[in-house]
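Participant: Coordinates in upload_10.cif, mmCIF, C-alpha atoms, are listed below.
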```cif
data_coords
loop_
_atom_site.group_PDB
_atom_site.id
_atom_site.type_symbol
_atom_site.label_atom_id
_atom_site.label_comp_id
_atom_site.auth_asym_id
_atom_site.auth_seq_id
_atom_site.Cartn_x
_atom_site.Cartn_y
_atom_site.Cartn_z
ATOM 1 C CA MET A 1 75.437 84.310 19.588
ATOM 2 C CA SER A 2 77.311 87.282 18.134
ATOM 3 C CA SER A 3 81.034 87.776 18.621
ATOM 4 C CA ASN A 4 80.396 90.843 20.797
ATOM 5 C CA GLU A 5 77.996 88.909 22.954
ATOM 6 C CA GLN A 6 80.524 86.081 23.313
ATOM 7 C CA ARG A 7 83.251 88.526 24.341
ATOM 8 C CA ARG A 8 80.974 90.144 26.929
ATOM 9 C CA GLN A 9 80.051 86.740 28.320
ATOM 10 C CA ALA A 10 83.694 85.661 28.495
ATOM 11 C CA ALA A 11 84.667 88.889 30.226
ATOM 12 C CA LYS A 12 81.828 88.456 32.692
ATOM 13 C CA SER A 13 82.889 84.868 33.449
ATOM 14 C CA LYS A 14 86.503 85.962 33.923
ATOM 15 C CA LEU A 15 85.451 88.733 36.313
ATOM 16 C CA GLU A 16 83.340 86.313 38.307
ATOM 17 C CA ARG A 17 86.281 83.909 38.601
ATOM 18 C CA GLN A 18 88.597 86.749 39.750
ATOM 19 C CA LEU A 19 86.075 87.881 42.350
ATOM 20 C CA ALA A 20 85.665 84.306 43.559
ATOM 21 C CA ARG A 21 89.457 83.887 43.878
ATOM 22 C CA ARG A 22 89.779 87.193 45.760
ATOM 23 C CA GLU A 23 87.015 86.189 48.166
ATOM 24 C CA GLU A 24 88.699 82.825 48.779
ATOM 25 C CA GLN A 25 92.054 84.511 49.417
ATOM 26 C CA ALA A 26 90.429 86.988 51.802
ATOM 27 C CA ARG A 27 88.719 84.133 53.642
ATOM 28 C CA LYS A 28 92.044 82.310 54.037
ATOM 29 C CA ARG A 29 93.735 85.476 55.331
ATOM 30 C CA ARG A 30 90.971 85.934 57.911
ATOM 31 C CA THR A 31 91.340 82.306 58.997
ATOM 32 C CA VAL A 32 95.124 82.654 59.361
ATOM 33 C CA ALA A 33 94.743 85.912 61.325
ATOM 34 C CA VAL A 34 92.215 84.390 63.724
ATOM 35 C CA THR A 35 94.345 81.258 64.189
ATOM 36 C CA THR A 36 97.467 83.343 64.830
ATOM 37 C CA THR A 37 95.629 85.468 67.397
ATOM 38 C CA ILE A 38 94.407 82.375 69.220
ATOM 39 C CA VAL A 39 97.921 80.882 69.288
ATOM 40 C CA VAL A 40 99.417 84.131 70.629
ATOM 41 C CA VAL A 41 96.771 84.393 73.360
ATOM 42 C CA ILE A 42 97.297 80.759 74.398
ATOM 43 C CA ALA A 43 101.072 81.250 74.468
ATOM 44 C CA ALA A 44 100.698 84.369 76.619
ATOM 45 C CA VAL A 45 98.394 82.588 79.057
ATOM 46 C CA VAL A 46 100.775 79.633 79.328
ATOM 47 C CA GLY A 47 103.722 81.988 79.868
ATOM 48 C CA VAL A 48 101.974 83.861 82.656
ATOM 49 C CA TYR A 49 100.930 80.565 84.254
ATOM 50 C CA PHE A 50 104.471 79.223 84.430
ATOM 51 C CA LEU A 51 105.850 82.591 85.498
ATOM 52 C CA THR A 52 103.503 82.843 88.473
ATOM 53 C CA ARG A 53 103.588 79.143 89.414
ATOM 54 C CA THR A 54 107.340 78.902 89.929
ATOM 55 C CA GLY A 55 108.002 77.353 93.294
ATOM 56 C CA GLY A 56 104.728 75.432 93.420
ATOM 57 C CA GLY A 57 102.778 75.987 96.580
ATOM 58 C CA GLY A 58 105.740 77.305 98.519
ATOM 59 C CA ASP A 59 107.556 80.611 98.602
ATOM 60 C CA GLY A 60 108.941 82.118 95.438
ATOM 61 C CA ALA A 61 111.031 85.193 94.833
ATOM 62 C CA ALA A 62 110.020 87.668 92.176
ATOM 63 C CA SER A 63 110.562 86.727 88.558
ATOM 64 C CA PRO A 64 113.086 88.951 86.798
ATOM 65 C CA PRO A 65 112.425 90.568 83.436
ATOM 66 C CA PRO A 66 112.867 88.166 80.492
ATOM 67 C CA SER A 67 116.467 87.941 79.346
ATOM 68 C CA SER A 68 117.995 86.744 76.105
ATOM 69 C CA THR A 69 121.124 85.651 77.968
ATOM 70 C CA THR A 70 121.851 81.976 77.390
ATOM 71 C CA THR A 71 122.701 79.452 80.076
ATOM 72 C CA SER A 72 126.314 79.297 78.933
ATOM 73 C CA GLU A 73 126.590 83.078 79.192
ATOM 74 C CA GLN A 74 124.995 83.071 82.629
ATOM 75 C CA SER A 75 127.498 80.442 83.760
ATOM 76 C CA ASN A 76 130.446 82.496 82.573
ATOM 77 C CA SER A 77 131.736 84.727 85.359
ATOM 78 C CA GLU A 78 133.083 87.252 82.837
ATOM 79 C CA GLN A 79 129.513 87.988 81.735
ATOM 80 C CA ILE A 80 128.281 88.898 85.230
ATOM 81 C CA SER A 81 128.554 92.533 86.282
ATOM 82 C CA ILE A 82 128.030 93.153 90.009
ATOM 83 C CA PRO A 83 127.744 96.629 91.581
ATOM 84 C CA THR A 84 130.269 97.380 94.302
ATOM 85 C CA GLU A 85 128.395 100.137 96.154
ATOM 86 C CA LEU A 86 125.870 99.280 98.836
ATOM 87 C CA ALA A 87 122.353 100.600 98.326
ATOM 88 C CA PRO A 88 121.201 103.300 100.763
ATOM 89 C CA ALA A 89 120.009 101.756 104.035
ATOM 90 C CA PRO A 90 116.298 100.919 103.856
ATOM 91 C CA SER A 91 113.933 102.930 106.023
ATOM 92 C CA ARG A 92 110.198 103.386 106.205
ATOM 93 C CA PRO A 93 108.799 106.764 105.098
ATOM 94 C CA GLU A 94 106.550 106.664 108.173
ATOM 95 C CA PRO A 95 107.624 104.861 111.378
ATOM 96 C CA LEU A 96 105.524 102.017 112.746
ATOM 97 C CA PRO A 97 103.877 102.127 116.189
ATOM 98 C CA ASN A 98 106.128 100.962 119.022
ATOM 99 C CA GLN A 99 104.187 97.681 119.153
ATOM 100 C CA VAL A 100 102.530 95.866 116.252
ATOM 101 C CA SER A 101 100.264 92.817 116.278
ATOM 102 C CA CYS A 102 101.596 89.709 114.510
ATOM 103 C CA THR A 103 99.595 86.672 113.399
ATOM 104 C CA TYR A 104 101.108 83.472 112.001
ATOM 105 C CA ARG A 105 98.589 81.308 110.131
ATOM 106 C CA SER A 106 98.965 77.553 109.627
ATOM 107 C CA GLU A 107 99.628 76.691 105.998
ATOM 108 C CA GLY A 108 100.605 73.207 104.818
ATOM 109 C CA GLU A 109 103.213 70.915 106.300
ATOM 110 C CA PRO A 110 106.564 72.319 107.438
ATOM 111 C CA ALA A 111 109.593 71.232 105.428
ATOM 112 C CA LYS A 112 111.301 70.601 108.764
ATOM 113 C CA PRO A 113 109.592 70.140 112.149
ATOM 114 C CA VAL A 114 108.972 73.553 113.701
ATOM 115 C CA ASP A 115 106.148 75.335 115.519
ATOM 116 C CA PRO A 116 104.994 78.804 114.429
ATOM 117 C CA PRO A 117 105.868 81.792 116.607
ATOM 118 C CA GLU A 118 103.271 82.872 119.121
ATOM 119 C CA ASP A 119 100.781 85.471 117.921
ATOM 120 C CA GLY A 120 100.778 88.778 119.726
ATOM 121 C CA GLU A 121 102.422 92.162 120.108
ATOM 122 C CA VAL A 122 105.983 92.598 118.834
ATOM 123 C CA SER A 123 108.294 95.573 119.244
ATOM 124 C CA SER A 124 109.202 97.658 116.220
ATOM 125 C CA GLN A 125 112.276 99.068 117.928
ATOM 126 C CA GLY A 126 115.935 98.117 117.556
ATOM 127 C CA THR A 127 118.016 95.709 115.517
ATOM 128 C CA VAL A 128 119.241 92.143 115.928
ATOM 129 C CA GLN A 129 122.578 90.799 114.735
ATOM 130 C CA ALA A 130 122.677 87.331 113.201
ATOM 131 C CA THR A 131 125.288 85.197 111.491
ATOM 132 C CA ILE A 132 124.883 82.696 108.688
ATOM 133 C CA GLU A 133 127.673 80.124 108.755
ATOM 134 C CA ALA A 134 127.755 78.541 105.300
ATOM 135 C CA ASN A 135 130.070 76.179 103.483
ATOM 136 C CA VAL A 136 131.159 79.083 101.275
ATOM 137 C CA GLY A 137 131.874 81.513 104.135
ATOM 138 C CA THR A 138 130.338 83.619 106.877
ATOM 139 C CA ILE A 139 127.466 86.002 106.095
ATOM 140 C CA PRO A 140 126.731 88.510 108.892
ATOM 141 C CA ILE A 141 123.269 90.098 108.684
ATOM 142 C CA THR A 142 121.370 92.795 110.570
ATOM 143 C CA LEU A 143 117.649 92.311 111.222
ATOM 144 C CA ASP A 144 115.727 95.563 111.630
ATOM 145 C CA HIS A 145 112.534 95.617 113.734
ATOM 146 C CA SER A 146 111.666 99.088 112.448
ATOM 147 C CA LEU A 147 111.328 97.731 108.900
ATOM 148 C CA ALA A 148 109.333 94.555 109.529
ATOM 149 C CA PRO A 149 108.834 93.479 113.167
ATOM 150 C CA CYS A 150 106.685 90.410 112.416
ATOM 151 C CA THR A 151 109.176 89.215 109.795
ATOM 152 C CA VAL A 152 112.152 89.692 112.108
ATOM 153 C CA ASN A 153 110.269 87.889 114.870
ATOM 154 C CA SER A 154 109.647 84.938 112.530
ATOM 155 C CA PHE A 155 113.230 84.800 111.256
ATOM 156 C CA VAL A 156 114.656 84.850 114.781
ATOM 157 C CA HIS A 157 112.202 82.129 115.824
ATOM 158 C CA LEU A 158 113.180 79.889 112.895
ATOM 159 C CA ALA A 159 116.901 80.482 113.444
ATOM 160 C CA GLU A 160 116.695 79.716 117.164
ATOM 161 C CA SER A 161 114.635 76.598 116.378
ATOM 162 C CA GLY A 162 117.378 75.305 114.062
ATOM 163 C CA PHE A 163 115.097 75.451 111.032
ATOM 164 C CA TYR A 164 117.734 77.062 108.822
ATOM 165 C CA ASN A 165 120.572 74.747 109.863
ATOM 166 C CA ASP A 166 121.773 72.437 107.079
ATOM 167 C CA THR A 167 119.613 74.252 104.530
ATOM 168 C CA PRO A 168 120.692 74.963 100.928
ATOM 169 C CA CYS A 169 120.209 78.073 98.839
ATOM 170 C CA HIS A 170 118.287 76.711 95.876
ATOM 171 C CA ARG A 171 118.246 79.595 93.395
ATOM 172 C CA ILE A 172 120.470 82.380 92.170
ATOM 173 C CA SER A 173 119.780 84.895 89.427
ATOM 174 C CA THR A 174 122.593 86.831 87.780
ATOM 175 C CA SER A 175 120.829 89.011 85.205
ATOM 176 C CA GLY A 176 117.788 91.246 85.449
ATOM 177 C CA LEU A 177 117.340 90.454 89.120
ATOM 178 C CA GLN A 178 120.583 89.723 90.979
ATOM 179 C CA MET A 179 119.724 87.776 94.101
ATOM 180 C CA LEU A 180 120.419 84.566 96.041
ATOM 181 C CA GLN A 181 117.312 82.789 97.360
ATOM 182 C CA CYS A 182 117.464 80.543 100.430
ATOM 183 C CA GLY A 183 115.391 79.254 103.327
ATOM 184 C CA ASP A 184 113.791 76.052 102.008
ATOM 185 C CA PRO A 185 115.192 72.943 103.746
ATOM 186 C CA THR A 186 114.063 70.772 100.815
ATOM 187 C CA GLY A 187 116.231 72.716 98.376
ATOM 188 C CA GLU A 188 113.465 72.648 95.781
ATOM 189 C CA GLY A 189 111.926 76.082 96.303
ATOM 190 C CA THR A 190 108.564 74.648 97.386
ATOM 191 C CA GLY A 191 109.113 74.166 101.123
ATOM 192 C CA GLY A 192 108.198 76.415 104.021
ATOM 193 C CA PRO A 193 107.734 76.427 107.806
ATOM 194 C CA GLY A 194 104.078 75.323 107.820
ATOM 195 C CA TYR A 195 102.784 78.843 108.458
ATOM 196 C CA GLN A 196 102.400 82.165 106.668
ATOM 197 C CA PHE A 197 102.131 85.798 107.708
ATOM 198 C CA ASP A 198 101.256 89.153 106.180
ATOM 199 C CA ASP A 199 103.487 91.421 104.117
ATOM 200 C CA GLU A 200 105.177 94.370 105.813
ATOM 201 C CA THR A 201 105.874 96.319 102.658
ATOM 202 C CA TYR A 202 105.697 100.004 101.840
ATOM 203 C CA SER A 203 105.434 101.827 98.543
ATOM 204 C CA ASP A 204 108.247 103.298 96.485
ATOM 205 C CA ILE A 205 110.981 101.141 97.997
ATOM 206 C CA GLN A 206 114.021 100.766 95.744
ATOM 207 C CA TYR A 207 115.626 97.362 96.281
ATOM 208 C CA GLY A 208 119.393 97.300 96.021
ATOM 209 C CA ARG A 209 122.690 95.687 96.937
ATOM 210 C CA GLY A 210 122.728 94.478 100.525
ATOM 211 C CA TYR A 211 118.966 94.177 101.096
ATOM 212 C CA LEU A 212 117.487 91.153 102.838
ATOM 213 C CA ALA A 213 113.899 90.481 101.728
ATOM 214 C CA MET A 214 111.204 87.829 101.992
ATOM 215 C CA ALA A 215 110.327 85.643 99.031
ATOM 216 C CA ASN A 216 106.652 84.925 98.480
ATOM 217 C CA SER A 217 104.150 83.337 96.111
ATOM 218 C CA GLY A 218 101.661 86.210 96.267
ATOM 219 C CA ALA A 219 100.301 88.742 98.712
ATOM 220 C CA ASP A 220 100.631 87.816 102.414
ATOM 221 C CA THR A 221 102.293 84.431 101.804
ATOM 222 C CA ASN A 222 105.560 84.966 103.683
ATOM 223 C CA GLY A 223 107.093 81.881 105.245
ATOM 224 C CA SER A 224 110.744 80.891 105.605
ATOM 225 C CA GLN A 225 112.221 81.662 102.188
ATOM 226 C CA PHE A 226 114.134 84.895 101.716
ATOM 227 C CA PHE A 227 116.582 86.399 99.262
ATOM 228 C CA ILE A 228 119.763 88.415 99.443
ATOM 229 C CA VAL A 229 120.023 91.196 96.857
ATOM 230 C CA TYR A 230 123.652 91.515 95.770
ATOM 231 C CA GLY A 231 123.141 93.701 92.699
ATOM 232 C CA GLU A 232 120.401 95.043 90.482
ATOM 233 C CA ALA A 233 116.808 94.438 91.601
ATOM 234 C CA PRO A 234 114.118 96.043 89.397
ATOM 235 C CA LEU A 235 111.246 94.804 91.569
ATOM 236 C CA GLN A 236 107.876 96.209 92.495
ATOM 237 C CA SER A 237 107.396 96.908 96.195
ATOM 238 C CA ASN A 238 105.812 93.501 96.891
ATOM 239 C CA TYR A 239 108.620 91.988 98.938
ATOM 240 C CA THR A 240 109.154 92.666 102.627
ATOM 241 C CA VAL A 241 112.605 94.049 103.421
ATOM 242 C CA PHE A 242 113.597 93.080 106.955
ATOM 243 C CA GLY A 243 117.316 93.716 107.170
ATOM 244 C CA THR A 244 120.668 94.098 105.476
ATOM 245 C CA VAL A 245 123.734 92.009 104.673
ATOM 246 C CA SER A 246 127.217 93.168 105.640
ATOM 247 C CA LYS A 247 129.898 94.032 103.093
ATOM 248 C CA GLU A 248 131.818 90.902 104.093
ATOM 249 C CA GLY A 249 128.733 88.768 103.635
ATOM 250 C CA LEU A 250 128.072 90.222 100.188
ATOM 251 C CA GLU A 251 131.593 89.336 99.102
ATOM 252 C CA VAL A 252 130.738 85.710 99.875
ATOM 253 C CA VAL A 253 127.538 85.963 97.818
ATOM 254 C CA ASP A 254 129.450 87.640 94.971
ATOM 255 C CA LYS A 255 131.707 84.575 94.666
ATOM 256 C CA VAL A 256 128.652 82.357 94.354
ATOM 257 C CA ALA A 257 127.138 84.666 91.728
ATOM 258 C CA ARG A 258 130.299 84.748 89.629
ATOM 259 C CA ALA A 259 130.254 80.954 89.428
ATOM 260 C CA GLY A 260 126.904 81.206 87.618
ATOM 261 C CA HIS A 261 124.005 78.768 87.641
ATOM 262 C CA ASP A 262 122.563 75.826 85.741
ATOM 263 C CA GLY A 263 119.593 77.707 84.246
ATOM 264 C CA SER A 264 117.087 75.308 85.792
ATOM 265 C CA PHE A 265 114.649 78.107 86.724
ATOM 266 C CA SER A 266 114.346 79.334 83.153
ATOM 267 C CA SER A 267 110.705 80.417 83.464
ATOM 268 C CA ALA A 268 111.358 82.505 86.574
ATOM 269 C CA GLY A 269 114.987 83.419 86.028
ATOM 270 C CA GLY A 270 118.244 81.913 87.204
ATOM 271 C CA GLY A 271 118.910 78.401 88.420
ATOM 272 C CA HIS A 272 120.639 76.305 91.041
ATOM 273 C CA PRO A 273 124.003 77.876 91.936
ATOM 274 C CA ASN A 274 126.960 76.185 90.276
ATOM 275 C CA LYS A 275 128.826 76.895 93.497
ATOM 276 C CA LYS A 276 126.681 75.019 96.001
ATOM 277 C CA VAL A 277 125.602 76.973 99.090
ATOM 278 C CA ASN A 278 124.552 75.270 102.304
ATOM 279 C CA PHE A 279 123.767 76.990 105.593
ATOM 280 C CA GLU A 280 125.571 75.023 108.268
ATOM 281 C CA LYS A 281 124.174 77.121 111.108
ATOM 282 C CA VAL A 282 122.272 80.371 111.593
ATOM 283 C CA THR A 283 122.756 82.020 114.964
ATOM 284 C CA VAL A 284 121.196 85.107 116.525
ATOM 285 C CA GLN A 285 123.176 87.277 118.907
ATOM 286 C CA SER A 286 120.979 88.233 121.870
#
```
Reformat the file's structure so that it appears as structure tokens.
Facilitator:
Amino acid sequence: MSSNEQRRQAAKSKLERQLARREEQARKRRTVAVTTTIVVVIAAVVGVYFLTRTGGGGDGAASPPPSSTTTSEQSNSEQISIPTELAPAPSRPEPLPNQVSCTYRSEGEPAKPVDPPEDGEVSSQGTVQATIEANVGTIPITLDHSLAPCTVNSFVHLAESGFYNDTPCHRISTSGLQMLQCGDPTGEGTGGPGYQFDDETYSDIQYGRGYLAMANSGADTNGSQFFIVYGEAPLQSNYTVFGTVSKEGLEVVDKVARAGHDGSFSSAGGGHPNKKVNFEKVTVQS
């Protein structure tokens, strides 16, 4: 074989080896890209699962936006900024009929013995004053029939039945969504009254300081759990607002918020309050 022929053959062999290496590298890159995509998709699915399953089969307040704040920062009162101005009083853009029909469906076992309210027509007129006597102070609230008559009817029924007495507030969030969640006698966030009822929401509501709203685990799953908004609340209009908390009551909640939390609800936001809150008695003024 001539020298020229040998050089051509060597060059051809070298080119073939380079092409083979490039193809192998490209194949590895495709494999890595596919594997990475699969891992990202699985991680996203798992994240959504835990985000929506917080609270198990019971009531759950909305999950706040993800926050990079650490538990130690959340527990430090100097890191918590709380608005001082009350949000504008909530009101429906269109008033409800004078009477609305309410239905309370059986759902699971009650966390504390209680019967559901009777189904039927409920007035959408007027307000009801109630008082939460807690170990941390007194929280006066106003329940508004014009906002959510079926919800007010349920809350009054549970309060008069003693369901809320000796009940802890199991969750507080201090960043993203600033709220205190209560109403589960078990203190775990999974308990309810053994019945559920439909949402009484309306679009374009802006949640804010002083609002009293129902927690839920999805559409039309209201039970006994509710939350007090004491600050920022960037929520969609999926949570029934049924009243307001007085300025004095919010000052009590502010003290609890400034004490921070243990970060135990990391997937949903917040944790058990460091300053324990227990409802000693909830009374309704007739």
Participant: So, counting all atoms listed in the file, which residue among A:Ser237, A:Ser266, A:Thr201, A:Ser161 is closest to Pro116 (chain A)?
Facilitator: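 Closest residue, counting all atoms listed in the file: A:Ser161.
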Participant: Contacts of region 171-182 of chain A at 7 Å or less, counting all atoms listed in the file, minus same-chain residues fewer than 3 places along, as an MDAnalysis selection string?
Facilitator: chainID A and resid 64:65 74 80 168 225:234 257 261 269:273
Participant: I need the residue nearest Tyr164 (chain A) from this list: A:Pro185, A:Gly223, A:Pro95, A:Pro117. Use all atoms listed in the file for the distance.
Facilitator: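 Closest to Tyr164 (chain A) of all the choices is A:Pro185.
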Participant: Report, in Å to a single decimal, how far apart CA of Glu160 (chain A) and CA of Asn98 (chain A) are.
Facilitator: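 Separation between CA of Asn98 (chain A) and CA of Glu160 (chain A): 23.8 Å.
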Participant: Please identify every residue of region 234-275 of chain A that has at least one atom no farther than 10 Å from an atom of region 205-217 of chain A, counting all atoms listed in the file, and for each give the shortest atom pair and the distance in Å to one decimal, arranged by chain then increasing number, as JSON lines.
Facilitator:
```
{"residue": "A:Pro234", "atom": "CA", "partner": "A:Tyr207", "partner_atom": "CA", "distance": 7.2}
{"residue": "A:Leu235", "atom": "CA", "partner": "A:Tyr207", "partner_atom": "CA", "distance": 6.9}
{"residue": "A:Gln236", "atom": "CA", "partner": "A:Ile205", "partner_atom": "CA", "distance": 8.0}
{"residue": "A:Ser237", "atom": "CA", "partner": "A:Ile205", "partner_atom": "CA", "distance": 5.8}
{"residue": "A:Asn238", "atom": "CA", "partner": "A:Asn216", "partner_atom": "CA", "distance": 8.8}
{"residue": "A:Tyr239", "atom": "CA", "partner": "A:Met214", "partner_atom": "CA", "distance": 5.8}
{"residue": "A:Thr240", "atom": "CA", "partner": "A:Met214", "partner_atom": "CA", "distance": 5.3}
{"residue": "A:Val241", "atom": "CA", "partner": "A:Ala213", "partner_atom": "CA", "distance": 4.2}
{"residue": "A:Phe242", "atom": "CA", "partner": "A:Ala213", "partner_atom": "CA", "distance": 5.8}
{"residue": "A:Gly243", "atom": "CA", "partner": "A:Leu212", "partner_atom": "CA", "distance": 5.0}
{"residue": "A:Thr244", "atom": "CA", "partner": "A:Tyr211", "partner_atom": "CA", "distance": 4.7}
{"residue": "A:Val245", "atom": "CA", "partner": "A:Gly210", "partner_atom": "CA", "distance": 4.9}
{"residue": "A:Ser246", "atom": "CA", "partner": "A:Gly210", "partner_atom": "CA", "distance": 6.9}
{"residue": "A:Lys247", "atom": "CA", "partner": "A:Gly210", "partner_atom": "CA", "distance": 7.6}
{"residue": "A:Gly249", "atom": "CA", "partner": "A:Gly210", "partner_atom": "CA", "distance": 8.9}
{"residue": "A:Leu250", "atom": "CA", "partner": "A:Gly210", "partner_atom": "CA", "distance": 6.8}
```
Participant: So which residues get picked by the PyMOL selection byres ((chain A and resi 136) around 8) here, written as a PDB file with C-alpha atoms, in the coordinates of the input?
Facilitator:
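For reference, result_39.pdb as written:
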```pdb
ATOM      1  CA  ALA A 134     127.755  78.541 105.300  1.00  0.00           C
ATOM      2  CA  ASN A 135     130.070  76.179 103.483  1.00  0.00           C
ATOM      3  CA  GLY A 137     131.874  81.513 104.135  1.00  0.00           C
ATOM      4  CA  THR A 138     130.338  83.619 106.877  1.00  0.00           C
ATOM      5  CA  VAL A 252     130.738  85.710  99.875  1.00  0.00           C
ATOM      6  CA  VAL A 277     125.602  76.973  99.090  1.00  0.00           C
ATOM      7  CA  ASN A 278     124.552  75.270 102.304  1.00  0.00           C
TER       8      ASN A 278
END
```
Participant: Within 9 Å of Leu158 (chain A), counting only C-alpha atoms, which residues qualify if same-chain residues fewer than 4 places away don't, as a count of residues only?
Facilitator: 11
Participant: For the structure shown, which residues end up in the PyMOL selection byres ((chain A and resi 275) around 6)? Put them as a list in words, please?
Facilitator: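 Here the PyMOL selection byres ((chain A and resi 275) around 6) matches Val256, Ala259, Pro273, Asn274 and Lys276 of chain A.
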Participant: Starting from the PyMOL selection byres ((chain A and resi 120-131) around 7), expand the selection into actual residues of this file and give them as number ranges by chain.
Facilitator: A: 96-103, 118-119, 132-133, 139-146, 149-150, 282-285
Participant: Of the candidates A:Glu251, A:Gly218, A:Arg258, A:Ala111, which one gets nearest to Glu85 (chain A) if we count all atoms listed in the file?
Facilitator: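 Once distances to Glu85 (chain A) are computed over all atoms listed in the file, the minimum belongs to A:Glu251.
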Participant: To one decimal place in Å, what is the distance between CA of Asp198 (chain A) and CA of Lys112 (chain A)?
Facilitator: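 Straight-line distance from CA of Asp198 (chain A) to CA of Lys112 (chain A) works out to 21.3 Å.
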Participant: With only C-alpha atoms as the basis for distance, which of A:Gln79, A:Ser106, A:Ser91, A:Thr151 is at the shortest distance from Gly192 (chain A)?
Facilitator: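 Looking only at the distances to Gly192 (chain A), the closest residue turns out to be A:Ser106.
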